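Colleague: target-v2.tsv is reproduced below (TSV, C-alpha atoms).
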```
chain	number	residue	atom	x	y	z
A	1	MET	CA	0.99	10.88	-10.51
A	2	ASN	CA	-2.73	10.27	-10.05
A	3	TRP	CA	-4.48	6.97	-10.78
A	4	THR	CA	-8.19	6.45	-10.19
A	5	TRP	CA	-10.25	3.32	-10.81
A	6	LYS	CA	-13.75	2.10	-10.06
A	7	TYR	CA	-14.01	-1.69	-9.95
A	8	THR	CA	-10.85	-2.77	-11.80
A	9	VAL	CA	-7.44	-1.94	-10.37
A	10	PRO	CA	-4.81	-0.71	-12.90
A	11	LEU	CA	-2.44	-3.65	-12.47
A	12	ARG	CA	-1.22	-3.67	-16.08
A	13	LYS	CA	-0.34	0.03	-15.94
A	14	LEU	CA	1.57	-0.45	-12.70
A	15	LEU	CA	3.56	-3.40	-14.04
A	16	LEU	CA	4.48	-1.53	-17.22
A	17	LEU	CA	5.56	1.52	-15.22
A	18	PHE	CA	7.56	-0.72	-12.89
A	19	ARG	CA	9.42	-2.11	-15.91
A	20	THR	CA	10.10	1.39	-17.22
A	21	PHE	CA	11.57	2.46	-13.90
A	22	PHE	CA	13.77	-0.62	-13.73
A	23	LYS	CA	15.12	0.15	-17.20
A	24	ARG	CA	15.41	3.90	-16.57
A	25	PRO	CA	16.09	4.29	-12.82
A	26	GLY	CA	16.78	7.99	-13.18
A	27	LEU	CA	13.06	8.62	-13.66
A	28	VAL	CA	12.02	7.57	-10.15
A	29	SER	CA	13.51	10.69	-8.55
A	30	SER	CA	11.04	12.86	-10.49
A	31	VAL	CA	7.97	11.32	-8.80
A	32	GLN	CA	7.04	13.41	-5.77
A	33	ASN	CA	3.29	12.89	-5.50
A	34	LEU	CA	1.36	9.64	-5.82
A	35	SER	CA	-2.38	9.05	-5.54
A	36	LEU	CA	-3.99	5.61	-5.89
A	37	LEU	CA	-7.72	5.90	-5.22
A	38	SER	CA	-10.91	4.15	-6.30
A	39	SER	CA	-14.03	6.12	-7.11
A	40	THR	CA	-16.51	3.56	-5.78
A	41	LEU	CA	-18.38	4.29	-2.55
A	42	SER	CA	-19.12	0.65	-1.73
A	43	TRP	CA	-17.25	-2.16	0.00
A	44	ILE	CA	-16.52	-4.05	-3.21
A	45	CYS	CA	-13.40	-6.15	-3.63
A	46	PRO	CA	-11.71	-4.83	-6.80
A	47	THR	CA	-10.73	-7.05	-9.71
A	48	ARG	CA	-7.63	-6.97	-11.90
A	49	ASN	CA	-7.56	-5.68	-15.46
A	50	ILE	CA	-5.39	-8.57	-16.54
A	51	ILE	CA	-5.82	-12.35	-16.89
A	52	TRP	CA	-2.70	-13.39	-15.02
A	53	ARG	CA	-2.54	-17.02	-16.12
A	54	ARG	CA	-2.26	-15.78	-19.69
A	55	GLU	CA	0.16	-12.92	-19.16
A	56	SER	CA	2.31	-13.89	-16.18
A	57	ALA	CA	5.19	-14.96	-18.44
A	58	ARG	CA	5.17	-11.54	-20.08
A	59	PHE	CA	5.82	-9.84	-16.74
A	60	LYS	CA	8.18	-12.39	-15.22
A	61	ASP	CA	11.04	-9.87	-15.27
A	62	VAL	CA	8.98	-7.42	-13.20
A	63	VAL	CA	7.97	-10.10	-10.69
A	64	ASP	CA	11.59	-11.24	-10.36
A	65	LYS	CA	12.90	-7.72	-9.75
A	66	ALA	CA	10.20	-6.90	-7.19
A	67	THR	CA	10.84	-10.19	-5.39
A	68	TYR	CA	14.57	-9.47	-5.39
A	69	ILE	CA	13.95	-6.14	-3.64
A	70	ILE	CA	11.99	-7.92	-0.90
A	71	GLN	CA	14.74	-10.52	-0.50
A	72	CYS	CA	17.46	-7.86	-0.26
A	73	ALA	CA	15.42	-6.01	2.38
A	74	GLN	CA	15.33	-9.21	4.48
A	75	PHE	CA	11.63	-9.21	5.34
A	76	ASP	CA	10.69	-11.74	8.00
A	77	ASP	CA	7.59	-12.52	5.96
A	78	ALA	CA	9.40	-12.54	2.62
A	79	GLU	CA	7.59	-15.70	1.53
A	80	ASP	CA	4.24	-13.98	1.98
A	81	TRP	CA	5.43	-11.08	-0.17
A	82	LYS	CA	6.83	-13.47	-2.77
A	83	GLU	CA	3.54	-15.34	-2.99
A	84	ALA	CA	1.62	-12.07	-3.36
A	85	LEU	CA	3.93	-10.78	-6.09
A	86	GLU	CA	3.89	-14.04	-8.01
A	87	GLY	CA	0.10	-13.97	-7.75
A	88	ALA	CA	-0.04	-10.46	-9.25
A	89	ASP	CA	-1.30	-8.74	-6.11
A	90	LEU	CA	-1.54	-5.06	-7.07
A	91	TYR	CA	-1.31	-3.97	-3.45
A	92	ALA	CA	2.00	-5.74	-2.89
A	93	PHE	CA	3.39	-4.36	-6.15
A	94	ALA	CA	2.23	-0.86	-5.25
A	95	ALA	CA	4.01	-1.05	-1.89
A	96	VAL	CA	7.28	-2.11	-3.54
A	97	PHE	CA	6.73	0.61	-6.13
A	98	ILE	CA	6.32	3.26	-3.42
A	99	ALA	CA	9.56	2.07	-1.85
A	100	GLN	CA	11.38	2.91	-5.09
A	101	LEU	CA	10.44	6.60	-4.91
A	102	PRO	CA	13.19	8.35	-2.91
A	103	ASN	CA	11.73	11.85	-3.30
A	104	ILE	CA	8.06	11.15	-2.69
A	105	LYS	CA	6.44	13.98	-0.71
A	106	SER	CA	2.73	13.16	-0.71
A	107	LEU	CA	0.94	9.82	-0.76
A	108	CYS	CA	-2.81	9.23	-1.07
A	109	LEU	CA	-3.95	5.62	-0.81
A	110	ASP	CA	-7.28	3.90	-1.29
A	111	TYR	CA	-9.06	2.30	1.67
A	112	SER	CA	-8.62	-1.12	0.06
A	113	PHE	CA	-4.86	-1.00	0.71
A	114	VAL	CA	-5.60	-1.53	4.40
A	115	TRP	CA	-8.42	-3.96	3.72
A	116	LEU	CA	-6.38	-6.20	1.42
A	117	GLY	CA	-3.02	-7.01	2.94
A	118	GLY	CA	-1.86	-3.73	4.49
A	119	TYR	CA	1.30	-3.83	2.37
A	120	PRO	CA	2.21	-0.10	2.39
A	121	GLU	CA	2.32	0.15	6.19
A	122	ARG	CA	4.20	-3.15	6.38
A	123	MET	CA	6.72	-1.72	3.94
A	124	VAL	CA	7.15	1.54	5.87
A	125	THR	CA	7.47	-0.19	9.24
A	126	HIS	CA	10.11	-2.58	7.93
A	127	ALA	CA	12.02	0.25	6.25
A	128	LEU	CA	12.18	2.17	9.53
A	129	HIS	CA	13.29	-0.86	11.53
A	130	SER	CA	15.81	-2.07	8.95
A	131	PRO	CA	17.72	0.99	7.68
A	132	GLY	CA	20.11	0.47	4.81
A	133	LEU	CA	18.54	-2.76	3.55
A	134	ALA	CA	17.51	-1.77	0.01
A	135	LEU	CA	14.63	0.39	1.25
A	136	PRO	CA	14.35	4.18	1.64
A	137	ALA	CA	13.74	5.93	4.95
A	138	PHE	CA	10.95	8.03	3.39
A	139	LYS	CA	12.72	11.18	4.59
A	140	SER	CA	10.90	13.42	2.09
A	141	LEU	CA	7.38	12.18	2.82
A	142	GLN	CA	5.39	15.09	4.25
A	143	LEU	CA	1.75	14.23	3.62
A	144	ILE	CA	-0.16	10.96	3.88
A	145	ASP	CA	-3.86	10.68	3.18
A	146	TYR	CA	-5.04	7.17	3.97
A	147	TRP	CA	-8.66	6.02	3.66
A	148	ARG	CA	-10.05	9.37	2.51
A	149	ASN	CA	-12.63	7.45	0.47
A	150	VAL	CA	-13.57	4.80	3.04
A	151	PRO	CA	-17.23	3.74	2.52
A	152	SER	CA	-19.78	3.83	5.29
A	153	MET	CA	-19.48	0.88	7.65
A	154	GLU	CA	-23.28	0.84	7.88
A	155	GLU	CA	-23.42	-0.92	4.52
A	156	TRP	CA	-22.32	-4.16	6.16
A	157	VAL	CA	-25.24	-3.99	8.55
A	158	GLN	CA	-27.85	-2.86	6.03
A	159	ASP	CA	-27.04	-5.43	3.35
A	160	SER	CA	-27.38	-8.93	4.77
A	161	ASN	CA	-26.19	-10.43	1.46
A	162	MET	CA	-22.70	-8.98	1.83
A	163	ASP	CA	-20.07	-11.34	3.20
A	164	ILE	CA	-17.42	-9.82	5.46
A	165	PRO	CA	-14.05	-10.81	3.94
A	166	ASP	CA	-11.23	-12.36	5.96
A	167	GLU	CA	-9.20	-9.17	5.60
A	168	PHE	CA	-11.98	-6.87	6.83
A	169	PRO	CA	-10.33	-3.86	8.55
A	170	GLY	CA	-11.62	-4.85	11.97
A	171	SER	CA	-9.37	-7.91	11.97
A	172	ASN	CA	-6.11	-6.01	11.41
A	173	LYS	CA	-3.46	-5.86	14.12
A	174	ASN	CA	-3.47	-2.93	16.52
A	175	ASP	CA	0.11	-2.01	15.59
A	176	GLN	CA	-0.63	-1.99	11.87
A	177	PHE	CA	-0.21	1.77	11.45
A	178	ASP	CA	2.67	2.39	13.87
A	179	GLY	CA	5.17	3.07	11.10
A	180	TRP	CA	3.30	6.11	9.80
A	181	PHE	CA	3.63	7.85	13.18
A	182	HIS	CA	7.41	7.47	13.20
A	183	LEU	CA	8.23	9.24	9.93
A	184	SER	CA	10.44	12.19	10.87
A	185	SER	CA	9.50	14.43	7.92
A	186	LEU	CA	5.73	13.91	8.12
A	187	GLN	CA	3.66	17.08	8.59
A	188	HIS	CA	0.14	15.85	7.81
A	189	LEU	CA	-1.35	12.42	8.42
A	190	GLY	CA	-4.97	11.82	7.47
A	191	ILE	CA	-5.91	8.32	8.53
A	192	TRP	CA	-9.07	6.48	9.55
A	193	LEU	CA	-8.67	4.22	12.58
A	194	LEU	CA	-11.22	1.81	14.02
A	195	ASN	CA	-9.96	2.68	17.50
A	196	ILE	CA	-7.20	4.76	19.03
A	197	SER	CA	-6.25	2.52	21.92
A	198	ARG	CA	-2.85	1.78	20.38
A	199	LEU	CA	-2.31	5.46	19.66
A	200	LYS	CA	-2.97	6.36	23.28
A	201	ASP	CA	-0.33	3.87	24.37
A	202	MET	CA	2.37	5.53	22.27
A	203	LYS	CA	4.61	8.00	24.00
A	204	LYS	CA	5.03	11.26	22.12
A	205	ARG	CA	8.78	11.11	22.39
A	206	GLU	CA	8.73	7.86	20.43
A	207	THR	CA	6.64	9.17	17.55
A	208	ASN	CA	6.17	12.21	15.36
A	209	LEU	CA	2.77	13.02	16.90
A	210	GLY	CA	3.95	16.30	18.36
A	211	ARG	CA	4.60	17.77	14.90
A	212	LEU	CA	1.51	16.50	13.10
```
What would the structure in this file look like if it were written as structure tokens?
Modeller:
Amino acid sequence: MNWTWKYTVPLRKLLLLFRTFFKRPGLVSSVQNLSLLSSTLSWICPTRNIIWRRESARFKDVVDKATYIIQCAQFDDAEDWKEALEGADLYAFAAVFIAQLPNIKSLCLDYSFVWLGGYPERMVTHALHSPGLALPAFKSLQLIDYWRNVPSMEEWVQDSNMDIPDEFPGSNKNDQFDGWFHLSSLQHLGIWLLNISRLKDMKKRETNLGRL
């Protein structure tokens, strides 16, 4: 499954697919590869291809089911997830969507997933720390390609008219990516890190670094 966008994220498509999977749960096991990437080479905050205030009622069933999954998984920050889902945050929906794919083997994610909320890594970390709580253990996931398309950081310096957003990658927590390094089945991890200080602090016996 390969989705590419430029400036407008495919929120409507994701919500419709979410609904299909809820109605036909047997389909989720057939998804083994997922790629969600933008084609833009600039630090531009994407927009949604849906006017949520007009169509939120149409997708209430999808929001309710996604929120229910978060509640069953007992997230400490469940209210944050709930607010994001009710506000039609594609990145939060995508993270919950990924968690419904028990046989996923490869995952390619756009740089903006880290920039705007970091929901996938929050999902993975919680799943690993809370086994059995409505989330998979991602035991089939072998390849992760994260930030392959990250734009040049020099753009922020060269363009004085660009405002650095609150969720600029440099402000993320040092332990943000820890979950990826603890996946037992992972064979390839392509990831862009601002620094590796946290990585150096990890002991190999506590992670999957020795097999990557």
Colleague: Report, in Å to a single decimal, how far apart CA of Ala92 (chain A) and CA of Glu79 (chain A) are.
Modeller: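 Rounded to one decimal, the two atoms are 12.2 Å apart.
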Colleague: Could you pull the residues within 10 Å of Arg122 (chain A), counting all atoms listed in the file, minus those fewer than 4 positions along the same chain, as a ChimeraX atom specification?
Modeller: /A:75,77,92,95,117-118,126-127,176-180
Colleague: Residues of region 86-151 of chain A within 9 Å of region 52-73 of chain A: nearest atom pair and distance (Å, one decimal) for each, counting all atoms listed in the file, sorted by chain and number, as CSV?
Modeller:
```
residue,atom,partner,partner_atom,distance
A:Glu86,CA,A:Val63,CA,6.3
A:Gly87,CA,A:Trp52,CA,7.8
A:Ala88,CA,A:Trp52,CA,7.0
A:Phe93,CA,A:Ala66,CA,7.3
A:Val96,CA,A:Ala66,CA,6.7
A:Phe97,CA,A:Ala66,CA,8.3
A:His126,CA,A:Ala73,CA,8.4
A:Ala127,CA,A:Ala73,CA,8.1
A:Ser130,CA,A:Ala73,CA,7.7
A:Gly132,CA,A:Ala73,CA,8.4
A:Leu133,CA,A:Ala73,CA,4.7
A:Ala134,CA,A:Ala73,CA,5.3
A:Leu135,CA,A:Ala73,CA,6.5
```
Colleague: Give the answer as one residue: which of A:Trp81, A:Tyr91, A:Phe181, A:Tyr111 has the shortest atom-to-atom distance to Leu14 (chain A), using only C-alpha atoms?
Modeller: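 So, comparing all the options, the nearest one is A:Tyr91.
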Colleague: Mind pulling up the distance from CA of Leu143 (chain A) to CA of Pro46 (chain A)?
Modeller: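 A separation of 25.6 Å between them.
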Colleague: Suppose you want the space between CA of Ser112 (chain A) and CA of His129 (chain A); what is it in Å?
Modeller: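 These two atoms are separated by 24.7 Å.
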Colleague: Go through A:Ser30, A:Asn49, A:Thr125, A:Ser185 and flag the residue nearest Arg12 (chain A), using only C-alpha atoms for the distances.
Modeller: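 For Arg12 (chain A), the nearest of the candidates is A:Asn49.
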Colleague: Do a neighbour search on Asn103 (chain A) at 7 Å with all atoms listed in the file, toss out local chain neighbours closer than 5 positions, and write the hits as a list in words.
Modeller: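 Residues near the query, excluding close chain neighbours: Ser29, Val31, Gln32 and Ser140 of chain A.
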Colleague: Using all atoms listed in the file, which of the listed residues (A:Ser39, A:Thr47, A:Gln74, A:Leu101) sits closest to Phe18 (chain A)?
Modeller: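 Looking at the shortest contact to Phe18 (chain A), the residue is A:Leu101.
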Colleague: Please identify all polymer residues within 9 Å of Leu90 (chain A), counting only C-alpha atoms, omitting same-chain residues fewer than 6 positions from it, and present them as an MDAnalysis selection string.
Modeller: chainID A and resid 9:11 14:15 48 84
Colleague: Put those residues in a file: C-alpha atoms, as a PDB file, in the coordinates of the input.
Modeller:
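Written file, part_29.pdb:
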```pdb
ATOM      1  CA  VAL A   9      -7.440  -1.940 -10.370  1.00  0.00           C
ATOM      2  CA  PRO A  10      -4.810  -0.710 -12.900  1.00  0.00           C
ATOM      3  CA  LEU A  11      -2.440  -3.650 -12.470  1.00  0.00           C
ATOM      4  CA  LEU A  14       1.570  -0.450 -12.700  1.00  0.00           C
ATOM      5  CA  LEU A  15       3.560  -3.400 -14.040  1.00  0.00           C
ATOM      6  CA  ARG A  48      -7.630  -6.970 -11.900  1.00  0.00           C
ATOM      7  CA  ALA A  84       1.620 -12.070  -3.360  1.00  0.00           C
TER       8      ALA A  84
END
```
Colleague: Could you tell me which of A:Met123, A:Leu107, A:Ile51, A:Ala137 comes closest to Ala78 (chain A) if we count all atoms listed in the file?
Modeller: A:Met123
Colleague: When you count all atoms listed in the file, which of these residues is closest to Met1 (chain A): A:Phe21, A:Cys108, A:Gly26, A:Ala99?
Modeller: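 Closest to Met1 (chain A) of all the choices is A:Cys108.
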Colleague: Can you work out which one of A:Val124, A:Lys13, A:Phe138, A:Tyr7 has the shortest atom-to-atom distance to Thr40 (chain A), counting all atoms listed in the file?
Modeller: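 The answer is A:Tyr7, which sits nearest to Thr40 (chain A).
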Colleague: Give me, as an MDAnalysis selection string, all polymer residues having an atom no more than 6 Å from Leu36 (chain A), counting all atoms listed in the file and skipping those fewer than 2 positions away in the same chain.
Modeller: chainID A and resid 3 109:110
Colleague: Using the selection just defined, write its residues with C-alpha atoms as a compact mmCIF listing (two decimals), in the coordinates of the input.
Modeller:
```
# COMPACT_ATOMS: atom_id res chain seq x y z
CA TRP A 3 -4.48 6.97 -10.78
CA LEU A 109 -3.95 5.62 -0.81
CA ASP A 110 -7.28 3.90 -1.29
```
